[in-house]
file entry_20.pdb (PDB, C-alpha atoms)
ATOM      1  CA  MET A   1       5.213 -19.202  -1.421
ATOM      2  CA  LYS A   2       5.351 -18.978  -5.203
ATOM      3  CA  ILE A   3       6.880 -21.621  -7.450
ATOM      4  CA  ILE A   4       8.839 -21.204 -10.677
ATOM      5  CA  GLU A   5       8.689 -24.585 -12.349
ATOM      6  CA  LYS A   6      11.891 -26.026 -13.782
ATOM      7  CA  GLN A   7      13.174 -24.331 -16.959
ATOM      8  CA  THR A   8      10.603 -21.520 -16.725
ATOM      9  CA  GLY A   9      10.481 -17.959 -15.446
ATOM     10  CA  THR A  10       8.275 -15.177 -14.153
ATOM     11  CA  ALA A  11       8.203 -11.400 -13.822
ATOM     12  CA  PHE A  12       6.592  -9.143 -11.234
ATOM     13  CA  ARG A  13       6.740  -5.744  -9.555
ATOM     14  CA  LEU A  14       8.327  -4.917  -6.219
ATOM     15  CA  LYS A  15       7.768  -1.721  -4.264
ATOM     16  CA  LYS A  16      10.587   0.091  -2.535
ATOM     17  CA  GLY A  17      11.131  -1.628   0.818
ATOM     18  CA  ASP A  18       9.704  -4.992  -0.267
ATOM     19  CA  ILE A  19      11.717  -8.085   0.624
ATOM     20  CA  LEU A  20      12.229 -10.766  -2.020
ATOM     21  CA  LYS A  21      13.348 -14.176  -0.781
ATOM     22  CA  VAL A  22      14.616 -16.578  -3.479
ATOM     23  CA  ILE A  23      14.796 -20.194  -2.315
ATOM     24  CA  ASP A  24      16.483 -23.276  -3.770
ATOM     25  CA  PRO A  25      14.071 -25.955  -2.497
ATOM     26  CA  GLU A  26      15.958 -29.026  -3.710
ATOM     27  CA  GLY A  27      19.559 -27.811  -3.974
ATOM     28  CA  GLU A  28      21.958 -27.162  -6.860
ATOM     29  CA  GLN A  29      19.515 -24.994  -8.867
ATOM     30  CA  VAL A  30      20.423 -21.567 -10.267
ATOM     31  CA  SER A  31      18.004 -18.652 -10.620
ATOM     32  CA  ASP A  32      18.729 -15.771 -13.030
ATOM     33  CA  MET A  33      17.451 -12.376 -11.845
ATOM     34  CA  VAL A  34      17.214  -9.095 -13.747
ATOM     35  CA  LEU A  35      15.990  -5.761 -12.395
ATOM     36  CA  PHE A  36      14.490  -2.650 -13.992
ATOM     37  CA  ASN A  37      13.470   0.673 -12.455
ATOM     38  CA  ALA A  38       9.668   0.475 -12.598
ATOM     39  CA  LYS A  39       9.469   4.252 -13.175
ATOM     40  CA  ASP A  40      11.991   4.286 -16.041
ATOM     41  CA  LEU A  41      12.727   0.924 -17.637
ATOM     42  CA  ARG A  42      15.887   2.245 -19.296
ATOM     43  CA  GLU A  43      17.508   2.014 -15.863
ATOM     44  CA  LYS A  44      18.430  -1.603 -15.171
ATOM     45  CA  ILE A  45      20.756  -3.831 -13.196
ATOM     46  CA  SER A  46      24.428  -3.568 -14.169
ATOM     47  CA  SER A  47      27.030  -6.240 -13.624
ATOM     48  CA  GLY A  48      29.850  -3.814 -14.389
ATOM     49  CA  LYS A  49      28.687  -1.104 -11.986
ATOM     50  CA  THR A  50      27.995  -3.636  -9.232
ATOM     51  CA  LEU A  51      31.394  -5.338  -9.468
ATOM     52  CA  ASP A  52      33.055  -1.930  -9.697
ATOM     53  CA  PHE A  53      31.351  -0.281  -6.719
ATOM     54  CA  GLU A  54      31.314  -3.391  -4.526
ATOM     55  CA  GLU A  55      34.981  -4.084  -5.414
ATOM     56  CA  ASN A  56      34.390  -7.822  -5.434
ATOM     57  CA  LEU A  57      33.552 -10.607  -7.889
ATOM     58  CA  LEU A  58      31.605 -12.510  -5.229
ATOM     59  CA  ILE A  59      28.408 -10.600  -4.444
ATOM     60  CA  THR A  60      26.659 -11.780  -1.289
ATOM     61  CA  LYS A  61      25.210 -10.631   2.060
ATOM     62  CA  GLY A  62      25.828  -6.951   2.707
ATOM     63  CA  ASN A  63      26.455  -6.102  -0.949
ATOM     64  CA  PHE A  64      24.264  -3.924  -3.165
ATOM     65  CA  LEU A  65      23.085  -4.517  -6.718
ATOM     66  CA  TRP A  66      23.655  -1.333  -8.750
ATOM     67  CA  SER A  67      22.051   0.078 -11.881
ATOM     68  CA  ASN A  68      23.558   1.343 -15.122
ATOM     69  CA  ARG A  69      22.928   4.835 -13.689
ATOM     70  CA  SER A  70      25.002   4.128 -10.577
ATOM     71  CA  GLN A  71      21.987   3.841  -8.271
ATOM     72  CA  LYS A  72      21.461   1.126  -5.661
ATOM     73  CA  MET A  73      18.601  -1.134  -6.736
ATOM     74  CA  MET A  74      18.709  -3.864  -4.081
ATOM     75  CA  LYS A  75      20.566  -4.786  -0.910
ATOM     76  CA  ILE A  76      21.341  -8.416  -0.113
ATOM     77  CA  LEU A  77      20.132  -8.919   3.452
ATOM     78  CA  GLU A  78      20.795 -12.649   3.822
ATOM     79  CA  ASP A  79      22.562 -15.318   1.784
ATOM     80  CA  THR A  80      22.748 -18.789   3.306
ATOM     81  CA  ASN A  81      24.811 -20.203   0.438
ATOM     82  CA  GLY A  82      27.127 -17.283  -0.306
ATOM     83  CA  ARG A  83      28.029 -18.191  -3.890
ATOM     84  CA  ASN A  84      26.432 -16.266  -6.752
ATOM     85  CA  ASP A  85      27.627 -15.177 -10.196
ATOM     86  CA  PHE A  86      27.504 -11.804 -11.935
ATOM     87  CA  LEU A  87      29.824 -12.531 -14.869
ATOM     88  CA  LEU A  88      27.865 -14.736 -17.262
ATOM     89  CA  ALA A  89      24.870 -13.789 -19.407
ATOM     90  CA  PRO A  90      21.530 -15.625 -19.246
ATOM     91  CA  CYS A  91      21.610 -18.845 -21.252
ATOM     92  CA  SER A  92      19.990 -18.345 -24.649
ATOM     93  CA  PRO A  93      19.171 -20.491 -27.697
ATOM     94  CA  GLU A  94      22.603 -19.566 -29.019
ATOM     95  CA  THR A  95      24.227 -20.784 -25.797
ATOM     96  CA  PHE A  96      23.035 -24.305 -26.525
ATOM     97  CA  GLN A  97      24.020 -24.129 -30.190
ATOM     98  CA  ILE A  98      27.508 -22.697 -29.596
ATOM     99  CA  MET A  99      28.552 -24.209 -26.267
ATOM    100  CA  TYR A 100      26.477 -27.398 -26.052
ATOM    101  CA  LYS A 101      26.462 -28.141 -29.819
ATOM    102  CA  ASN A 102      22.707 -28.774 -29.679
ATOM    103  CA  GLU A 103      20.820 -28.943 -32.950
ATOM    104  CA  TYR A 104      17.387 -29.069 -31.353
ATOM    105  CA  TYR A 105      15.286 -26.578 -29.378
ATOM    106  CA  HIS A 106      16.280 -26.066 -25.746
ATOM    107  CA  PRO A 107      14.534 -23.850 -23.165
ATOM    108  CA  SER A 108      16.650 -20.916 -22.009
ATOM    109  CA  CYS A 109      16.677 -18.228 -19.343
ATOM    110  CA  PHE A 110      16.877 -15.508 -21.980
ATOM    111  CA  GLU A 111      13.672 -16.703 -23.630
ATOM    112  CA  ASN A 112      11.945 -17.131 -20.270
ATOM    113  CA  LEU A 113      12.939 -13.607 -19.241
ATOM    114  CA  THR A 114      11.899 -12.194 -22.621
ATOM    115  CA  LYS A 115       8.496 -13.911 -22.555
ATOM    116  CA  ASN A 116       7.647 -12.834 -19.019
ATOM    117  CA  LEU A 117       8.996  -9.268 -19.179
ATOM    118  CA  GLU A 118       7.193  -8.490 -22.429
ATOM    119  CA  LYS A 119       4.025  -7.491 -20.544
ATOM    120  CA  PHE A 120       6.004  -4.663 -18.919
ATOM    121  CA  GLY A 121       7.182  -3.311 -22.276
ATOM    122  CA  ILE A 122      10.672  -4.771 -21.930
ATOM    123  CA  GLU A 123      12.138  -6.019 -25.218
ATOM    124  CA  PRO A 124      14.787  -8.721 -25.781
ATOM    125  CA  ASP A 125      17.570  -6.202 -26.413
ATOM    126  CA  ASP A 126      16.778  -4.550 -23.065
ATOM    127  CA  ILE A 127      17.688  -7.640 -21.041
ATOM    128  CA  PRO A 128      21.071  -7.237 -19.289
ATOM    129  CA  THR A 129      23.478  -9.697 -17.719
ATOM    130  CA  ALA A 130      21.545 -11.361 -14.914
ATOM    131  CA  PHE A 131      22.517 -11.746 -11.280
ATOM    132  CA  ASN A 132      22.816 -15.546 -11.211
ATOM    133  CA  ILE A 133      21.674 -16.609  -7.765
ATOM    134  CA  PHE A 134      23.349 -19.818  -6.496
ATOM    135  CA  MET A 135      25.527 -20.096  -9.638
ATOM    136  CA  ASN A 136      29.068 -21.359  -9.007
ATOM    137  CA  VAL A 137      31.466 -19.831 -11.544
ATOM    138  CA  GLN A 138      35.126 -20.428 -10.788
ATOM    139  CA  PHE A 139      38.014 -18.475 -12.268
ATOM    140  CA  SER A 140      41.694 -19.357 -12.398
ATOM    141  CA  SER A 141      44.732 -17.126 -11.963
ATOM    142  CA  THR A 142      44.970 -16.980 -15.765
ATOM    143  CA  GLY A 143      41.370 -15.785 -16.063
ATOM    144  CA  SER A 144      39.806 -18.944 -17.480
ATOM    145  CA  LEU A 145      36.252 -19.614 -16.310
ATOM    146  CA  SER A 146      34.466 -22.819 -15.397
ATOM    147  CA  VAL A 147      30.873 -23.425 -14.353
ATOM    148  CA  ASP A 148      30.862 -25.868 -11.458
ATOM    149  CA  PRO A 149      27.894 -27.448  -9.659
ATOM    150  CA  PRO A 150      26.118 -25.030  -7.322
ATOM    151  CA  THR A 151      27.086 -25.345  -3.675
ATOM    152  CA  SER A 152      23.516 -24.564  -2.593
ATOM    153  CA  LYS A 153      21.677 -27.160  -0.528
ATOM    154  CA  SER A 154      17.954 -27.784  -0.158
ATOM    155  CA  GLY A 155      16.401 -24.771   1.561
ATOM    156  CA  ASP A 156      19.212 -22.294   0.918
ATOM    157  CA  TYR A 157      17.961 -18.782   0.175
ATOM    158  CA  VAL A 158      18.916 -15.200  -0.577
ATOM    159  CA  CYS A 159      16.898 -12.235   0.736
ATOM    160  CA  PHE A 160      16.911  -8.931  -1.150
ATOM    161  CA  GLU A 161      15.494  -5.549  -0.146
ATOM    162  CA  ALA A 162      14.167  -3.395  -2.990
ATOM    163  CA  LEU A 163      15.688   0.088  -2.772
ATOM    164  CA  MET A 164      13.421   1.490  -5.505
ATOM    165  CA  ASP A 165      10.218   0.407  -7.229
ATOM    166  CA  LEU A 166      11.279  -2.454  -9.490
ATOM    167  CA  VAL A 167      10.234  -4.800 -12.256
ATOM    168  CA  VAL A 168      11.908  -8.157 -11.596
ATOM    169  CA  GLY A 169      12.510 -11.065 -13.949
ATOM    170  CA  LEU A 170      13.323 -14.398 -12.278
ATOM    171  CA  THR A 171      13.986 -17.878 -13.670
ATOM    172  CA  ALA A 172      14.685 -21.460 -12.754
ATOM    173  CA  CYS A 173      17.786 -21.807 -14.948
ATOM    174  CA  SER A 174      17.707 -24.078 -18.001
ATOM    175  CA  ALA A 175      21.440 -24.789 -18.511
ATOM    176  CA  GLU A 176      22.659 -28.288 -17.624
ATOM    177  CA  ASP A 177      26.170 -27.194 -16.617
ATOM    178  CA  SER A 178      24.832 -24.519 -14.255
ATOM    179  CA  ASN A 179      22.627 -26.966 -12.343
ATOM    180  CA  ASN A 180      24.806 -30.097 -12.115
ATOM    181  CA  GLY A 181      22.959 -31.822 -14.941
ATOM    182  CA  SER A 182      19.360 -31.654 -13.706
ATOM    183  CA  PHE A 183      16.558 -29.101 -13.571
ATOM    184  CA  LYS A 184      14.545 -28.201 -10.506
ATOM    185  CA  PRO A 185      12.101 -25.482  -9.442
ATOM    186  CA  ILE A 186      12.846 -22.224  -7.657
ATOM    187  CA  HIS A 187      10.597 -20.884  -4.891
ATOM    188  CA  TYR A 188      10.203 -17.271  -3.855
ATOM    189  CA  THR A 189       8.269 -15.080  -1.431
ATOM    190  CA  ILE A 190       7.578 -11.362  -1.346
ATOM    191  CA  SER A 191       7.074  -9.546   1.940
ATOM    192  CA  SER A 192       5.185  -6.340   1.287
ATOM    193  CA  SER A 193       6.516  -3.027   2.525
ATOM    194  CA  GLU A 194       2.949  -1.872   3.104
ATOM    195  CA  LYS A 195       1.972  -1.915   6.758
TER
END
call {"tool": "encode", "arguments": {"input": "entry_20.pdb", "output": "structure tokens"}}
result
Amino acid sequence: MKIIEKQTGTAFRLKKGDILKVIDPEGEQVSDMVLFNAKDLREKISSGKTLDFEENLLITKGNFLWSNRSQKMMKILEDTNGRNDFLLAPCSPETFQIMYKNEYYHPSCFENLTKNLEKFGIEPDDIPTAFNIFMNVQFSSTGSLSVDPPTSKSGDYVCFEALMDLVVGLTACSAEDSNNGSFKPIHYTISSSEK
């Protein structure tokens, strides 16, 4: 079991066939995830392609996460919560200036992804819209969006199977609205495909 402390992130490699399990140990905590093809970092996770090919705004068990080159990157094997978001970008310093009206420094998922993915040669402008695990974004019939408290409970998890060799960025989200006003850790495990 590996731990991402609150308002931080990590990055690591997965081999094709590996199983990544992302766990919300305390409940109501979002985790932003981005994916890159380890053999060609220009290929990365795509919100648009995923929502298009899966024909659904709510991506959960049985769905695939697709790349900007229309390739399957991951399959969601299990999802005990069932509510994730693929519309909103990782929170950034600008998020807190523009939306929260903060005038002081605030940790962000974008910075945590940037810092941890740098060792793989991934630059800030390379970071795409994240798959926001456990995030509860609601949308009205008129199209307006709201970020509501996550419905995830302590111990909820999502299991992903890597369908290609990947570089993964993963956070414990830093935005108050996304996490019902408090910050908590995210746990994860990797089950190796090697026998």
call {"tool": "residues_around", "arguments": {"input": "entry_20.pdb", "residues": "Leu88 in chain A", "least_positions_apart": "5", "cutoff": "10 Å", "atoms": "only C-alpha atoms", "output": "PyMOL selection string"}}
result
chain A and resi 47+129-132+135+137+145+147
call {"tool": "resolve_selection", "arguments": {"input": "entry_20.pdb", "expression": "the PyMOL selection byres ((chain A and resi 74) around 6)", "output": "ChimeraX atom specification"}}
result
/A:64-65,72-73,75,161-163
call {"tool": "residues_around", "arguments": {"input": "entry_20.pdb", "residues": "Ser31 in chain A", "least_positions_apart": "4", "cutoff": "9 Å", "atoms": "only C-alpha atoms", "output": "list of chain:residue names"}}
result
A:Gly9, A:Val22, A:Asp24, A:Cys109, A:Phe131, A:Asn132, A:Ile133, A:Phe134, A:Met135, A:Leu170, A:Thr171, A:Ala172, A:Cys173, A:Ile186
call {"tool": "write_last_selection", "arguments": {"input": "entry_20.pdb", "atoms": "C-alpha atoms", "output": "PDB file, in the frame of the given file"}}
result
ATOM      1  CA  GLY A   9      10.481 -17.959 -15.446  1.00  0.00           C
ATOM      2  CA  VAL A  22      14.616 -16.578  -3.479  1.00  0.00           C
ATOM      3  CA  ASP A  24      16.483 -23.276  -3.770  1.00  0.00           C
ATOM      4  CA  CYS A 109      16.677 -18.228 -19.343  1.00  0.00           C
ATOM      5  CA  PHE A 131      22.517 -11.746 -11.280  1.00  0.00           C
ATOM      6  CA  ASN A 132      22.816 -15.546 -11.211  1.00  0.00           C
ATOM      7  CA  ILE A 133      21.674 -16.609  -7.765  1.00  0.00           C
ATOM      8  CA  PHE A 134      23.349 -19.818  -6.496  1.00  0.00           C
ATOM      9  CA  MET A 135      25.527 -20.096  -9.638  1.00  0.00           C
ATOM     10  CA  LEU A 170      13.323 -14.398 -12.278  1.00  0.00           C
ATOM     11  CA  THR A 171      13.986 -17.878 -13.670  1.00  0.00           C
ATOM     12  CA  ALA A 172      14.685 -21.460 -12.754  1.00  0.00           C
ATOM     13  CA  CYS A 173      17.786 -21.807 -14.948  1.00  0.00           C
ATOM     14  CA  ILE A 186      12.846 -22.224  -7.657  1.00  0.00           C
TER      15      ILE A 186
END
call {"tool": "residues_around", "arguments": {"input": "entry_20.pdb", "residues": "Glu111 in chain A", "least_positions_apart": "2", "cutoff": "9 Å", "atoms": "only C-alpha atoms", "output": "PDB file with C-alpha atoms, keeping the file's coordinate frame"}}
result
ATOM      1  CA  THR A   8      10.603 -21.520 -16.725  1.00  0.00           C
ATOM      2  CA  GLY A   9      10.481 -17.959 -15.446  1.00  0.00           C
ATOM      3  CA  CYS A  91      21.610 -18.845 -21.252  1.00  0.00           C
ATOM      4  CA  SER A  92      19.990 -18.345 -24.649  1.00  0.00           C
ATOM      5  CA  PRO A  93      19.171 -20.491 -27.697  1.00  0.00           C
ATOM      6  CA  PRO A 107      14.534 -23.850 -23.165  1.00  0.00           C
ATOM      7  CA  SER A 108      16.650 -20.916 -22.009  1.00  0.00           C
ATOM      8  CA  CYS A 109      16.677 -18.228 -19.343  1.00  0.00           C
ATOM      9  CA  LEU A 113      12.939 -13.607 -19.241  1.00  0.00           C
ATOM     10  CA  THR A 114      11.899 -12.194 -22.621  1.00  0.00           C
ATOM     11  CA  LYS A 115       8.496 -13.911 -22.555  1.00  0.00           C
ATOM     12  CA  ASN A 116       7.647 -12.834 -19.019  1.00  0.00           C
ATOM     13  CA  PRO A 124      14.787  -8.721 -25.781  1.00  0.00           C
TER      14      PRO A 124
END
call {"tool": "closest_residue", "arguments": {"input": "entry_20.pdb", "among": "A:Ser146, A:Cys159, A:Glu43, A:Leu20", "to": "Ile76 in chain A", "atoms": "only C-alpha atoms"}}
result
A:Cys159
call {"tool": "resolve_selection", "arguments": {"input": "entry_20.pdb", "expression": "the PyMOL selection byres ((chain A and resi 53) around 10)", "output": "VMD selection string"}}
result
chain A and resid 48 to 52 54 to 56 63 to 66 70
call {"tool": "residues_around", "arguments": {"input": "entry_20.pdb", "residues": "Asp40 in chain A", "least_positions_apart": "6", "cutoff": "12 Å", "atoms": "all atoms listed in the file", "output": "PyMOL selection string"}}
result
chain A and resi 67-69+120-122+164-167
call {"tool": "residues_around", "arguments": {"input": "entry_20.pdb", "residues": "Asp177 in chain A", "least_positions_apart": "6", "cutoff": "12 Å", "atoms": "only C-alpha atoms", "output": "list in words"}}
result
Glu28, Gln29, Val30, Cys91, Thr95, Phe96, Met99, Tyr100, Met135, Asn136, Val137, Ser146, Val147, Asp148, Pro149, Pro150 and Phe183 of chain A
call {"tool": "atom_distance", "arguments": {"input": "entry_20.pdb", "atom1": "CA of Glu5 in chain A", "atom2": "CA of Phe110 in chain A"}}
result
15.6 Å
call {"tool": "closest_residue", "arguments": {"input": "entry_20.pdb", "among": "A:Val168, A:Ile98, A:Val34, A:Ala89", "to": "Phe12 in chain A", "atoms": "all atoms listed in the file"}}
result
A:Val168
call {"tool": "closest_residue", "arguments": {"input": "entry_20.pdb", "among": "A:Ser141, A:Ser154, A:Ser191, A:Ser182", "to": "Gly27 in chain A", "atoms": "only C-alpha atoms"}}
result
A:Ser154
call {"tool": "atom_distance", "arguments": {"input": "entry_20.pdb", "atom1": "CA of Gly169 in chain A", "atom2": "CA of Thr10 in chain A"}}
result
5.9 Å
call {"tool": "atom_distance", "arguments": {"input": "entry_20.pdb", "atom1": "CA of Asp156 in chain A", "atom2": "CA of Asp79 in chain A"}}
result
7.8 Å
